[in-house]
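What's in run_14.tsv: TSV, C-alpha atoms
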```
chain	number	residue	atom	x	y	z
A	680	MET	CA	32.67	61.76	0.54
A	681	PRO	CA	31.06	63.14	-2.65
A	682	ASP	CA	31.04	66.87	-3.23
A	683	PRO	CA	27.92	68.63	-1.89
A	684	VAL	CA	25.08	69.23	-4.33
A	685	PRO	CA	24.98	72.94	-5.25
A	686	PRO	CA	22.00	74.63	-3.58
A	687	ARG	CA	19.30	76.07	-5.83
A	688	PRO	CA	18.43	79.75	-5.34
A	689	ALA	CA	15.02	80.21	-3.68
A	690	ALA	CA	12.98	83.01	-2.14
A	691	THR	CA	10.33	83.16	0.56
A	692	VAL	CA	8.10	86.05	1.58
A	693	LEU	CA	6.49	86.73	4.94
A	694	LEU	CA	3.38	88.79	4.12
A	695	LEU	CA	2.32	90.81	7.16
A	696	ARG	CA	-0.64	92.85	8.34
A	697	ASP	CA	-1.57	94.36	11.70
A	698	GLY	CA	-3.90	92.28	13.86
A	699	ALA	CA	-5.71	92.94	17.11
A	700	SER	CA	-2.74	91.87	19.23
A	701	GLY	CA	0.22	92.40	16.92
A	702	PRO	CA	1.37	91.40	13.44
A	703	GLU	CA	-0.34	88.58	11.58
A	704	ILE	CA	1.28	86.58	8.81
A	705	PHE	CA	-0.20	84.86	5.78
A	706	MET	CA	0.65	81.16	5.71
A	707	VAL	CA	-0.45	78.24	3.57
A	708	VAL	CA	-0.80	74.51	4.17
A	709	ARG	CA	1.01	72.44	1.57
A	710	HIS	CA	-0.78	69.59	-0.18
A	711	ARG	CA	0.22	66.27	1.38
A	712	GLU	CA	1.17	64.77	-1.98
A	713	ILE	CA	3.74	67.34	-3.09
A	714	GLU	CA	7.46	66.69	-2.84
A	715	PHE	CA	8.53	69.40	-0.43
A	716	ALA	CA	6.99	70.43	2.91
A	717	ALA	CA	3.97	68.14	2.41
A	718	GLY	CA	1.26	69.02	4.92
A	719	ALA	CA	3.30	71.74	6.60
A	720	LEU	CA	2.23	75.28	7.42
A	721	VAL	CA	4.64	77.49	5.46
A	722	PHE	CA	5.25	80.94	4.03
A	723	PRO	CA	4.77	81.41	0.26
A	724	GLY	CA	7.99	80.71	-1.60
A	725	GLY	CA	9.85	78.71	-4.22
A	726	ARG	CA	12.75	78.54	-6.61
A	727	VAL	CA	14.27	81.57	-8.34
A	728	GLU	CA	13.70	81.12	-12.07
A	729	THR	CA	15.86	82.32	-14.94
A	730	THR	CA	12.99	84.60	-15.93
A	731	ASP	CA	13.10	86.22	-12.47
A	732	ALA	CA	16.74	87.12	-13.02
A	733	GLU	CA	15.92	88.45	-16.50
A	734	LEU	CA	13.14	90.62	-15.11
A	735	ALA	CA	15.43	91.91	-12.34
A	736	THR	CA	17.99	92.89	-15.00
A	737	ALA	CA	15.30	94.64	-17.04
A	738	LEU	CA	14.37	96.68	-13.96
A	739	GLY	CA	17.91	98.04	-13.87
A	740	SER	CA	18.40	97.08	-10.23
A	741	THR	CA	21.96	96.75	-8.91
A	742	ASP	CA	20.80	94.91	-5.79
A	743	PRO	CA	22.45	91.45	-5.70
A	744	LEU	CA	19.17	90.10	-4.30
A	745	ALA	CA	17.02	91.61	-7.05
A	746	ALA	CA	16.26	88.25	-8.69
A	747	TYR	CA	15.31	86.82	-5.29
A	748	ARG	CA	13.01	89.78	-4.71
A	749	VAL	CA	11.27	89.27	-8.06
A	750	ALA	CA	10.88	85.57	-7.29
A	751	ALA	CA	9.41	86.36	-3.86
A	752	ILE	CA	6.84	88.72	-5.43
A	753	ARG	CA	5.93	86.20	-8.13
A	754	GLU	CA	5.56	83.40	-5.59
A	755	ALA	CA	3.47	85.62	-3.33
A	756	PHE	CA	1.06	86.27	-6.19
A	757	GLU	CA	0.93	82.61	-7.23
A	758	GLU	CA	0.29	81.35	-3.71
A	759	SER	CA	-1.76	84.15	-2.14
A	760	GLY	CA	-3.19	86.22	-4.99
A	761	LEU	CA	-1.55	89.32	-3.48
A	762	LEU	CA	0.47	91.26	-6.04
A	763	LEU	CA	3.27	93.48	-4.72
A	764	ALA	CA	3.47	95.78	-7.72
A	765	ARG	CA	2.99	99.38	-8.78
A	766	THR	CA	1.97	101.11	-11.98
A	767	GLU	CA	4.63	102.63	-14.18
A	768	SER	CA	3.79	105.98	-12.58
A	769	GLY	CA	4.45	104.54	-9.11
A	770	ALA	CA	0.84	104.22	-7.93
A	771	ALA	CA	-0.15	101.32	-5.69
A	772	LEU	CA	-2.90	98.94	-6.78
A	773	ASP	CA	-6.30	99.37	-5.15
A	774	PRO	CA	-8.20	96.25	-4.00
A	775	ALA	CA	-10.44	96.19	-7.08
A	776	GLN	CA	-7.41	96.30	-9.40
A	777	GLY	CA	-5.66	93.58	-7.43
A	778	ALA	CA	-8.72	91.30	-7.57
A	779	ALA	CA	-9.17	91.86	-11.31
A	780	ILE	CA	-5.52	91.08	-12.04
A	781	ALA	CA	-5.65	87.92	-9.94
A	782	LEU	CA	-8.79	86.79	-11.75
A	783	ALA	CA	-7.28	87.48	-15.17
A	784	HIS	CA	-3.81	86.04	-14.70
A	785	ARG	CA	-3.28	83.91	-11.59
A	786	ASP	CA	-4.55	80.58	-12.92
A	787	ALA	CA	-2.59	80.94	-16.16
A	788	LEU	CA	0.57	81.85	-14.25
A	789	ASN	CA	0.21	78.83	-11.97
A	790	ALA	CA	-0.47	76.58	-14.96
A	791	GLY	CA	2.69	77.81	-16.69
A	792	SER	CA	0.82	79.12	-19.72
A	793	ARG	CA	1.67	82.73	-18.92
A	794	GLY	CA	4.89	84.25	-17.62
A	795	PHE	CA	5.15	86.79	-14.84
A	796	ALA	CA	6.84	89.32	-17.13
A	797	ALA	CA	3.97	88.99	-19.61
A	798	LEU	CA	1.46	89.64	-16.82
A	799	LEU	CA	3.29	92.78	-15.75
A	800	GLN	CA	3.58	94.05	-19.31
A	801	ALA	CA	-0.10	93.41	-20.02
A	802	GLU	CA	-1.16	95.37	-16.93
A	803	GLY	CA	1.49	98.11	-17.15
A	804	LEU	CA	3.07	97.20	-13.81
A	805	ARG	CA	6.46	96.92	-12.15
A	806	PRO	CA	7.23	94.54	-9.27
A	807	ASP	CA	7.61	96.55	-6.07
A	808	ILE	CA	10.98	95.06	-5.10
A	809	ASP	CA	11.71	97.96	-2.73
A	810	CYS	CA	8.84	97.02	-0.41
A	811	LEU	CA	10.62	93.81	0.59
A	812	VAL	CA	12.99	93.87	3.57
A	813	PRO	CA	15.59	91.07	3.92
A	814	PHE	CA	14.79	89.00	7.00
A	815	ALA	CA	16.84	85.79	6.92
A	816	HIS	CA	19.08	83.59	4.77
A	817	TRP	CA	19.04	79.79	5.10
A	818	VAL	CA	21.04	77.21	3.17
A	819	THR	CA	20.19	73.50	3.27
A	820	PRO	CA	22.84	71.38	5.03
A	821	ALA	CA	25.64	70.18	2.75
A	822	ASP	CA	24.97	66.48	3.24
A	823	LEU	CA	21.46	66.49	1.73
A	824	SER	CA	20.77	65.52	-1.87
A	825	LYS	CA	18.30	68.36	-2.55
A	826	ARG	CA	19.48	71.73	-1.40
A	827	PHE	CA	18.24	75.33	-1.50
A	828	ASP	CA	19.82	78.70	-0.88
A	829	THR	CA	16.81	80.63	0.42
A	830	HIS	CA	16.42	84.33	1.13
A	831	PHE	CA	13.48	85.31	3.35
A	832	PHE	CA	11.85	88.73	3.01
A	833	LEU	CA	9.24	90.67	4.98
A	834	ALA	CA	6.60	92.66	3.11
A	835	PRO	CA	3.41	94.50	4.11
A	836	ALA	CA	0.37	92.86	2.53
A	837	PRO	CA	-1.52	95.32	0.27
A	838	SER	CA	-4.22	96.88	2.44
A	839	GLY	CA	-7.73	95.70	1.68
A	840	HIS	CA	-6.66	93.05	-0.82
A	841	GLU	CA	-7.96	89.51	-0.39
A	842	ALA	CA	-5.46	86.68	0.07
A	843	THR	CA	-6.41	83.12	-0.89
A	844	HIS	CA	-4.46	79.88	-1.40
A	845	ASP	CA	-4.21	78.40	-4.89
A	846	GLY	CA	-6.13	75.19	-4.10
A	847	HIS	CA	-3.52	72.98	-5.76
A	848	GLU	CA	-0.12	72.92	-4.04
A	849	ALA	CA	-1.65	74.77	-1.09
A	850	VAL	CA	-4.90	73.33	0.26
A	851	ASP	CA	-5.58	75.87	2.99
A	852	SER	CA	-4.43	79.31	4.12
A	853	ILE	CA	-4.67	81.45	7.21
A	854	TRP	CA	-3.80	84.82	8.66
A	855	ILE	CA	-2.25	83.95	12.00
A	856	SER	CA	-0.08	85.54	14.65
A	857	PRO	CA	3.41	84.04	15.02
A	858	ALA	CA	2.65	83.14	18.63
A	859	GLN	CA	-0.53	81.28	17.64
A	860	ALA	CA	1.21	79.35	14.86
A	861	LEU	CA	3.90	78.27	17.34
A	862	ALA	CA	1.31	77.33	19.95
A	863	ASP	CA	-0.65	75.26	17.41
A	864	ALA	CA	2.53	73.40	16.45
A	865	GLU	CA	3.39	72.79	20.08
A	866	ALA	CA	-0.10	71.31	20.58
A	867	GLY	CA	0.38	69.01	17.60
A	868	GLN	CA	-2.26	70.76	15.53
A	869	ARG	CA	0.13	72.02	12.83
A	870	THR	CA	3.45	71.01	11.32
A	871	LEU	CA	6.23	73.60	11.21
A	872	LEU	CA	9.62	72.98	9.64
A	873	PHE	CA	12.75	74.07	11.45
A	874	PRO	CA	13.41	77.34	9.52
A	875	THR	CA	9.72	78.26	9.69
A	876	ARG	CA	9.59	77.74	13.43
A	877	LEU	CA	12.69	79.81	14.15
A	878	ASN	CA	11.61	82.64	11.87
A	879	LEU	CA	8.20	82.71	13.58
A	880	LEU	CA	9.95	82.88	16.95
A	881	ARG	CA	11.90	85.91	15.79
A	882	LEU	CA	8.85	87.55	14.25
A	883	ALA	CA	6.93	87.06	17.50
A	884	GLU	CA	9.22	89.67	19.10
A	885	ALA	CA	7.53	92.45	17.09
A	886	ALA	CA	4.57	94.43	18.45
A	887	SER	CA	3.23	95.54	15.07
A	888	LEU	CA	3.81	95.35	11.33
A	889	GLY	CA	5.86	98.54	11.45
A	890	ASP	CA	7.90	97.24	14.36
A	891	ALA	CA	8.60	94.00	12.50
A	892	MET	CA	9.76	95.89	9.41
A	893	SER	CA	11.96	98.24	11.46
A	894	ARG	CA	13.55	95.37	13.37
A	895	ALA	CA	14.33	93.52	10.15
A	896	ALA	CA	15.82	96.60	8.49
A	897	ALA	CA	18.09	97.21	11.48
A	898	ARG	CA	19.32	93.61	11.91
A	899	PRO	CA	22.11	92.31	9.66
A	900	VAL	CA	21.23	89.07	7.92
A	901	VAL	CA	23.54	86.20	8.91
A	902	THR	CA	23.57	83.07	6.74
A	903	VAL	CA	22.31	79.94	8.50
A	904	GLN	CA	23.40	76.49	7.29
A	905	PRO	CA	22.46	73.98	10.01
A	906	VAL	CA	25.02	71.36	10.96
A	907	LEU	CA	23.90	68.11	12.57
A	908	GLU	CA	25.71	67.16	15.78
A	909	VAL	CA	25.28	64.52	18.48
A	910	ASP	CA	25.69	65.76	22.04
A	911	ALA	CA	27.20	63.91	25.00
A	912	GLU	CA	23.84	62.30	25.79
A	913	GLY	CA	23.42	60.98	22.26
A	914	ARG	CA	20.78	63.51	21.21
A	915	LYS	CA	20.79	64.82	17.66
A	916	MET	CA	21.14	68.60	17.61
A	917	LEU	CA	21.32	71.29	14.93
A	918	ARG	CA	23.99	73.95	15.28
A	919	ILE	CA	23.43	77.37	13.72
A	920	PRO	CA	25.35	80.66	14.13
A	921	VAL	CA	24.36	82.42	17.34
A	922	GLU	CA	24.92	85.71	15.47
A	923	ALA	CA	21.87	84.89	13.32
A	924	GLY	CA	19.69	86.05	16.21
A	925	TYR	CA	17.58	82.98	16.92
A	926	GLY	CA	18.37	82.81	20.62
A	927	GLY	CA	21.05	80.16	20.66
A	928	PRO	CA	23.39	77.95	18.67
A	929	LEU	CA	21.89	74.48	19.37
A	930	PHE	CA	18.38	73.15	18.75
A	931	PRO	CA	16.90	69.64	18.85
A	932	ALA	CA	16.85	68.00	15.43
A	933	GLY	CA	13.31	66.91	14.60
A	934	ILE	CA	12.39	64.47	11.86
A	935	ARG	CA	11.86	67.24	9.32
A	936	ALA	CA	14.01	69.91	10.89
A	937	MET	CA	16.55	70.24	8.11
A	938	VAL	CA	14.16	70.31	5.16
A	939	PRO	CA	13.81	73.88	3.81
A	940	GLN	CA	10.25	75.10	3.33
A	941	VAL	CA	10.41	75.93	-0.37
A	942	ARG	CA	9.01	74.12	-3.37
A	943	PRO	CA	10.39	73.40	-6.83
A	944	ALA	CA	9.14	75.28	-9.85
A	945	GLY	CA	6.22	74.20	-11.96
```
Could you render the structure as structure tokens?
Amino acid sequence: MPDPVPPRPAATVLLLRDGASGPEIFMVVRHREIEFAAGALVFPGGRVETTDAELATALGSTDPLAAYRVAAIREAFEESGLLLARTESGAALDPAQGAAIALAHRDALNAGSRGFAALLQAEGLRPDIDCLVPFAHWVTPADLSKRFDTHFFLAPAPSGHEATHDGHEAVDSIWISPAQALADAEAGQRTLLFPTRLNLLRLAEAASLGDAMSRAAARPVVTVQPVLEVDAEGRKMLRIPVEAGYGGPLFPAGIRAMVPQVRPAG
């Protein structure tokens, strides 16, 4: 057997707000012609770039996940238009500032003609890496040819700021409760990948945004790398650590169950 392909570092962010019956999450629908997660309902996310690590170093952070946090914030801005950042004095952005920054920089950032560090410098901002709470850690199974090492974070969406999909890699977006997203998938109205579905199930336990953040902060993150097994009845199953907190060690293996919901750069 050949050696496993090394997984690429990736980051995903679950942007939350309070809804009428509990927390709602911002999700996007991937374009059906892209390479990863085509047509699926996913959280914003993608690969950690070298520039993300450089920016994390420039911030002086000693957190081993600092580069992942920067990547999550960059991806959130690219895919939702929501910028998790503060001024150099520590002030949060108001909705008018957030909208103006998105208008001035988002298209150029998505086109690759402007870097995230250049955006921050031009606007006098620092990424708010401390607002992100680690939520989960998934690694693509070792037998796949394209692999990712993905850290999931929770973050409160900036109050009053408008979130919109980019119209290119994401063709639609929605604020939705975890329970509704799961129900829509069960009814065949939406496609959810295996990590997305399990993370929505866990998030559905929370009664509010604050409750979700508190639960995540109190729960140790256990790495999940699904392993494909065949049970006594010949069914394909995915085994994950029960300590990861997803309600069990074995889950049915769907057609797209082992594909991580992140996208390549560019």
For atom CA of Val727 of chain A and atom CA of Val707 of chain A, the interatomic separation in Å (one decimal): 19.2 Å
A:Pro813, A:Gly791, A:Pro857, A:Pro723 ranked by distance to Ser700 of chain A, top pick (using only C-alpha atoms): A:Pro857
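Within 12 Å of Pro681 of chain A, once all atoms listed in the file are used and residues closer than 6 positions along the same chain are dropped, the contacting residues are Ala821, Asp822, Leu823 and Ser824 of chain A.
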Atomic distance atom CA of Leu882 of chain A - atom CA of Arg687 of chain A, expressed in Å with one decimal: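 Taking atom CA of Leu882 of chain A as the start and atom CA of Arg687 of chain A as the end point, the length is 25.4 Å.
Atom CA of Glu758 of chain A is positioned 7.5 Å from atom CA of Thr843 of chain A.
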Per-residue nearest contacts of segment 845-899 of chain A to segment 826-830 of chain A (12 Å; all atoms listed in the file) as CSV:
```
residue,atom,partner,partner_atom,distance
A:Pro874,CA,A:Thr829,CA,10.3
A:Thr875,CA,A:Thr829,CA,11.9
A:Asn878,CA,A:His830,CA,11.9
```
Go ahead and write the selection's residues with C-alpha atoms as a compact mmCIF listing (two decimals), in the coordinates of the input.
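Generated file (result_21.txt):
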```txt
# COMPACT_ATOMS: atom_id res chain seq x y z
CA PRO A 874 13.41 77.34 9.52
CA THR A 875 9.72 78.26 9.69
CA ASN A 878 11.61 82.64 11.87
```
Distance query Ala891 of chain A at most 12 Å, only C-alpha atoms, self and fewer than 6 positions along chain excluded, as a list of chain:residue names: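 So, after excluding close chain neighbours, the residues are A:Leu693, A:Leu694, A:Leu695, A:Arg696, A:Asp697, A:Gly701, A:Pro702, A:Glu703, A:Ile704, A:Val812, A:Pro813, A:Phe814, A:Phe832, A:Leu833, A:Ala834, A:Pro835, A:Pro857, A:Asn878, A:Leu879, A:Arg881, A:Leu882, A:Ala883, A:Glu884, A:Ala885, A:Ala897, A:Arg898.
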For the residues selected in the previous step, produce a file with C-alpha atoms as a short mmCIF file (atom, residue, chain, number, x, y, z; two decimals), in the coordinates of the input.
```cif
data_model
loop_
_atom_site.label_atom_id
_atom_site.label_comp_id
_atom_site.auth_asym_id
_atom_site.auth_seq_id
_atom_site.Cartn_x
_atom_site.Cartn_y
_atom_site.Cartn_z
CA LEU A 693 6.49 86.73 4.94
CA LEU A 694 3.38 88.79 4.12
CA LEU A 695 2.32 90.81 7.16
CA ARG A 696 -0.64 92.85 8.34
CA ASP A 697 -1.57 94.36 11.70
CA GLY A 701 0.22 92.40 16.92
CA PRO A 702 1.37 91.40 13.44
CA GLU A 703 -0.34 88.58 11.58
CA ILE A 704 1.28 86.58 8.81
CA VAL A 812 12.99 93.87 3.57
CA PRO A 813 15.59 91.07 3.92
CA PHE A 814 14.79 89.00 7.00
CA PHE A 832 11.85 88.73 3.01
CA LEU A 833 9.24 90.67 4.98
CA ALA A 834 6.60 92.66 3.11
CA PRO A 835 3.41 94.50 4.11
CA PRO A 857 3.41 84.04 15.02
CA ASN A 878 11.61 82.64 11.87
CA LEU A 879 8.20 82.71 13.58
CA ARG A 881 11.90 85.91 15.79
CA LEU A 882 8.85 87.55 14.25
CA ALA A 883 6.93 87.06 17.50
CA GLU A 884 9.22 89.67 19.10
CA ALA A 885 7.53 92.45 17.09
CA ALA A 897 18.09 97.21 11.48
CA ARG A 898 19.32 93.61 11.91
#
```
For Ala737 of chain A, the nearest of the candidates A:Gly698, A:Pro899, A:Pro806, A:Pro774, counting all atoms listed in the file: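 When distances to Ala737 of chain A are compared using all atoms listed in the file, the smallest one comes from A:Pro806.
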Which of A:Arg876, A:Arg869, A:Lys825, A:His784 sits closest to Ala796 of chain A [using only C-alpha atoms]: A:His784
Nearest-residue call for Gly724 of chain A, choices A:Phe831, A:Tyr925, A:Phe873, A:Phe705, using only C-alpha atoms: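 For Gly724 of chain A, the nearest of the candidates is A:Phe831.
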Nearest candidate to Thr691 of chain A (options A:Ala932, A:Leu811, A:Ala862, A:Thr729; using only C-alpha atoms): A:Leu811
Residue nearest Glu728 of chain A - candidates A:Ala689, A:Ile752, A:Met706, A:Ile780, atoms counted: only C-alpha atoms: A:Ala689
Close residues, Ala770 of chain A itself excluded, 12 Å, only C-alpha atoms, min 6 positions apart in chain, as a PyMOL selection string: chain A and resi 763-764+776+803-807
As a PDB file with C-alpha atoms, in the coordinates of the input, please: the residues near Ala783 of chain A (cut-off 12 Å, all atoms listed in the file, same-chain neighbours under 2 positions excluded).
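Wrote it out as result-v1.pdb, contents follow:
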```pdb
ATOM      1  CA  GLY A 760      -3.190  86.220  -4.990  1.00  0.00           C
ATOM      2  CA  GLN A 776      -7.410  96.300  -9.400  1.00  0.00           C
ATOM      3  CA  GLY A 777      -5.660  93.580  -7.430  1.00  0.00           C
ATOM      4  CA  ALA A 778      -8.720  91.300  -7.570  1.00  0.00           C
ATOM      5  CA  ALA A 779      -9.170  91.860 -11.310  1.00  0.00           C
ATOM      6  CA  ILE A 780      -5.520  91.080 -12.040  1.00  0.00           C
ATOM      7  CA  ALA A 781      -5.650  87.920  -9.940  1.00  0.00           C
ATOM      8  CA  ARG A 785      -3.280  83.910 -11.590  1.00  0.00           C
ATOM      9  CA  ASP A 786      -4.550  80.580 -12.920  1.00  0.00           C
ATOM     10  CA  ALA A 787      -2.590  80.940 -16.160  1.00  0.00           C
ATOM     11  CA  LEU A 788       0.570  81.850 -14.250  1.00  0.00           C
ATOM     12  CA  ASN A 789       0.210  78.830 -11.970  1.00  0.00           C
ATOM     13  CA  ARG A 793       1.670  82.730 -18.920  1.00  0.00           C
ATOM     14  CA  LEU A 798       1.460  89.640 -16.820  1.00  0.00           C
ATOM     15  CA  LEU A 799       3.290  92.780 -15.750  1.00  0.00           C
ATOM     16  CA  ALA A 801      -0.100  93.410 -20.020  1.00  0.00           C
ATOM     17  CA  GLU A 802      -1.160  95.370 -16.930  1.00  0.00           C
TER      18      GLU A 802
END
```
